[in-house]
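Right, one structure below, let's go through it.
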Amino acid sequence: MLTSVMTGCQDWLDINTDPDTPITVTLDQALPPAIFYAAQLCYDHAEYGVYMAQALTTAGKSQTGSYPYSQGWEFLGVNRHPMWRRHFYDLGANIQKLNEMAEAQGSLNYELIGRTIMLHSTMLTTDVFGDMPRSEAYQKTSPKYDSQEEVYEWLFNEADELVKLYQDPEWTNGKTALPISASTDRIYQGDMQKWAALAKALRCRLWLRKLPNWDNTPATCQKIIQMVDEVLGDANWQEPQYHYPGGMTESNCPWGAFKPVINAWESRGNRLDSSIPTTFFAYAILGGYAISGTAVKYALDPRADMIMTPRGDAGNAVALRWLESNIGMDNSMKVTYYPDLYAGNGHNPYTSNIGYIPLITQEEMLFIKAEAQYWSGDKAGAYETTMQAVKYNMDRYGVQQDGLSGNAKTRYERFFEVRLPGAAQFTIADLMQQKYVAMYLLPEQWTDMRRYNYSSKTNGILYDGVPVYTITTCHNPARQKKNAVTDFTIEYSLRRPFNLYAPYWDQPDCYEDPSSKAVYSPNAWVNRLNPDTETETKYNKGELIRIGACDASGKVDYHWMQKHLIWAKFNPAVCSCSNGMEWL
């Protein structure tokens, strides 16, 4: 673990060109890279998560490589996960120095923003790695690992304290507070009330972790609903979007076709040019059609051809094509036969070089409320809030309410008729499948799937009696007769990817903890990532041994990645498993 170092700053984002050479900077120079890296951290997590959640796959068939999340899940051969270093070095070490300078200069408004960014970063980091250094980070080279329970206790306390501090004028606009300009703060241009609303929004996301397994009670649900209503009813609430102007290197959105790599040796550029939508995402979730044609468009969900642009080859009409996860592309196919994931007909706001990355979205806030309403027993309210969230997401992608020629109902109407027909039929699966689409290229997509333990008919895990990631009905016009559309029912369940790394994942599906004999999740999914082997097993091996993440030689056991996080442990009040197994 690196000790505290303040990076120097220069160029358009004040990003240091030599991170190993610290120089003195001022507050207004220190804040821009912190805000930049807060957005970059979202990309780092989502770049892993979009493959781990099986929205995208790649054309290759190798079980091993530097991108294990889209290959065979062989993580232990990879020496660095970019989001680990992003949190502890690019953000944590620098923000600690920023806060020290802010206190020394009596400019606590800078510290408030720094602490809000660290709240966001710490939540993302523990939700992927579990136990992590926090209380002793930057105090020693081999800091203690806090348990995830301890990290979450800090998160809840810190979120509450930040909400209070934003109400204190001495913190937001004290007599000695230095101004924050638009060039210094590329998200809110120094508007502290907008940062206050973001702190409240992040607290909502934090409390959502109580659902569905951890503390799913009426009181918890009502608290979440009230917190979301407070944010959405706040005139100062504005979605925190980090916009990229385009141009050279870091000035381009990391999801764009320019594919910038930030601090090359620790980061990964996007691979959307070599990636393919999965069968689960394109066919099942989006309702992709097996045929093409202007009458039926490409999929039931009108967002499909806004998220990506379907392409064709010389001998076939344009169609929305997909591929099973990790199975590899057939030799007769080319990546260019599959959809263009950058394009989205110009409507995808994330994949443009001049796009933006949001720290949290309006749709996510609505889905947080909907989930709390659902588990509180208000399914009618959850249905209406889900409808709002989906429509907002369609607006984000520029979906128009245009129709199918020759049909009484528009394409837009047909989508809602099939996917969200009414409150009486509404289930937690309907809610989470729609949130899955709305969280495309955002960190919550994989977190949500793990919160619901990859629930599907495949693994037999049910929530409120239904498999969350099994799609049981889909409007799929396989035939056309005079512009009429034939509906029929399909079923497609999430399952572990093909071509997993045999020495790890071809083992029995269950893992018994040596001390408790309790059984972890069926089908041995990845629930957390292994600690960063480049630094942690070299410099902090004693702590990894203590928490059970590696053996005396420093080798991380792949079973560590199967261990559930605290918000995913079995709760028989809301969850059942048809094969009779339970897990920690």
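Labels used: A, B, ... for chains in the order of the structure tokens, numbers from 1 for residues in each chain, and numbers from 1 for ligands as shown.
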- Residues near Asp551 (chain A), cut-off 12 Å, only C-alpha atoms, skip fewer than 5 positions along chain, as a list of chain:residue names: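 Once the nearby chain positions are removed, what remains is A:Thr537, A:Lys541, A:Gly542, A:Glu543, A:Leu544, A:Ile545, A:Arg546, A:Val556, A:Asp557, A:Tyr558, A:His559, A:Trp560.
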Quick one: contact table of region 16-132 of chain A to region 239-259 of chain A, 9 Å max, nearest atom pair and distance in Å to one decimal per residue, counting only C-alpha atoms, chain and number order, as a Markdown table?
| residue | atom | partner | partner_atom | distance |
| --- | --- | --- | --- | --- |
| A:Ile35 | CA | A:Tyr242 | CA | 8.3 |
| A:Phe36 | CA | A:Tyr242 | CA | 7.6 |
| A:Ala39 | CA | A:Tyr242 | CA | 6.4 |
| A:Gln40 | CA | A:Pro254 | CA | 7.6 |
| A:Tyr43 | CA | A:Pro254 | CA | 7.0 |
| A:Glu47 | CA | A:Trp255 | CA | 8.7 |
- Task: Check the smallest atom-to-atom distance from each of A:Val468, A:Leu431, A:Ala438, A:Ala552 to Ala372 (chain A) using only C-alpha atoms, then report the winner.
- Result: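 Looking only at the distances to Ala372 (chain A), the closest residue turns out to be A:Leu431.
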- Task: Name the residues of region 491-573 of chain A that come out as alpha helix (DSSP H) in a backbone DSSP run; write them as a ChimeraX atom specification.
- Result: /A:502-505,536-539,541-547
- Query: Residues at most 12 Å from Gly106 (chain A), counting only C-alpha atoms, excluding those fewer than 4 positions away in the same chain, as a list in words?
  - Reply: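 Near neighbours after the sequence-gap exclusion: Leu27, Leu98, Asn99, Glu100, Met101, Ala102, Tyr110, Glu111, Leu112, Glu170, Trp171, Thr172, Asn173, Gly174, Lys175, Thr176, Ala177, Leu178 and Pro179 of chain A.
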- Message: Let me make sure I understand: among A:Leu300, A:Val418, A:Leu494, A:Ala93, which one has the smallest atom-to-atom distance to Glu324 (chain A) if we use only C-alpha atoms?
- Response: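 Answer, going by the shortest atom-to-atom distance: A:Leu494.
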- So how far away is CA of Ser121 (chain A) from CA of Arg271 (chain A), in Å? 23.6 Å
6 Å contact set for Ser325 (chain A), only C-alpha atoms, chain neighbours under 6 positions out, as a CSV table (one decimal) with C-alpha atoms, in the first residue's frame:
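Below is the file that was written, part04.csv:
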chain,number,residue,atom,x,y,z
A,57,THR,CA,-18.6,-10.5,-24.3
A,278,THR,CA,-24.4,-11.3,-25.2
A,497,PRO,CA,-20.3,-18.1,-19.1
- Go through region 90-260 of chain A and collect every residue that DSSP, computed from the backbone, puts in strand (DSSP E or B); the answer should be as a PyMOL selection string. chain A and resi 132-133+145-146+241-243
- For Thr26 (chain A), which residue among A:Met449, A:Ser107, A:Lys569, A:Lys61 is the nearest when counting only C-alpha atoms? A:Ser107
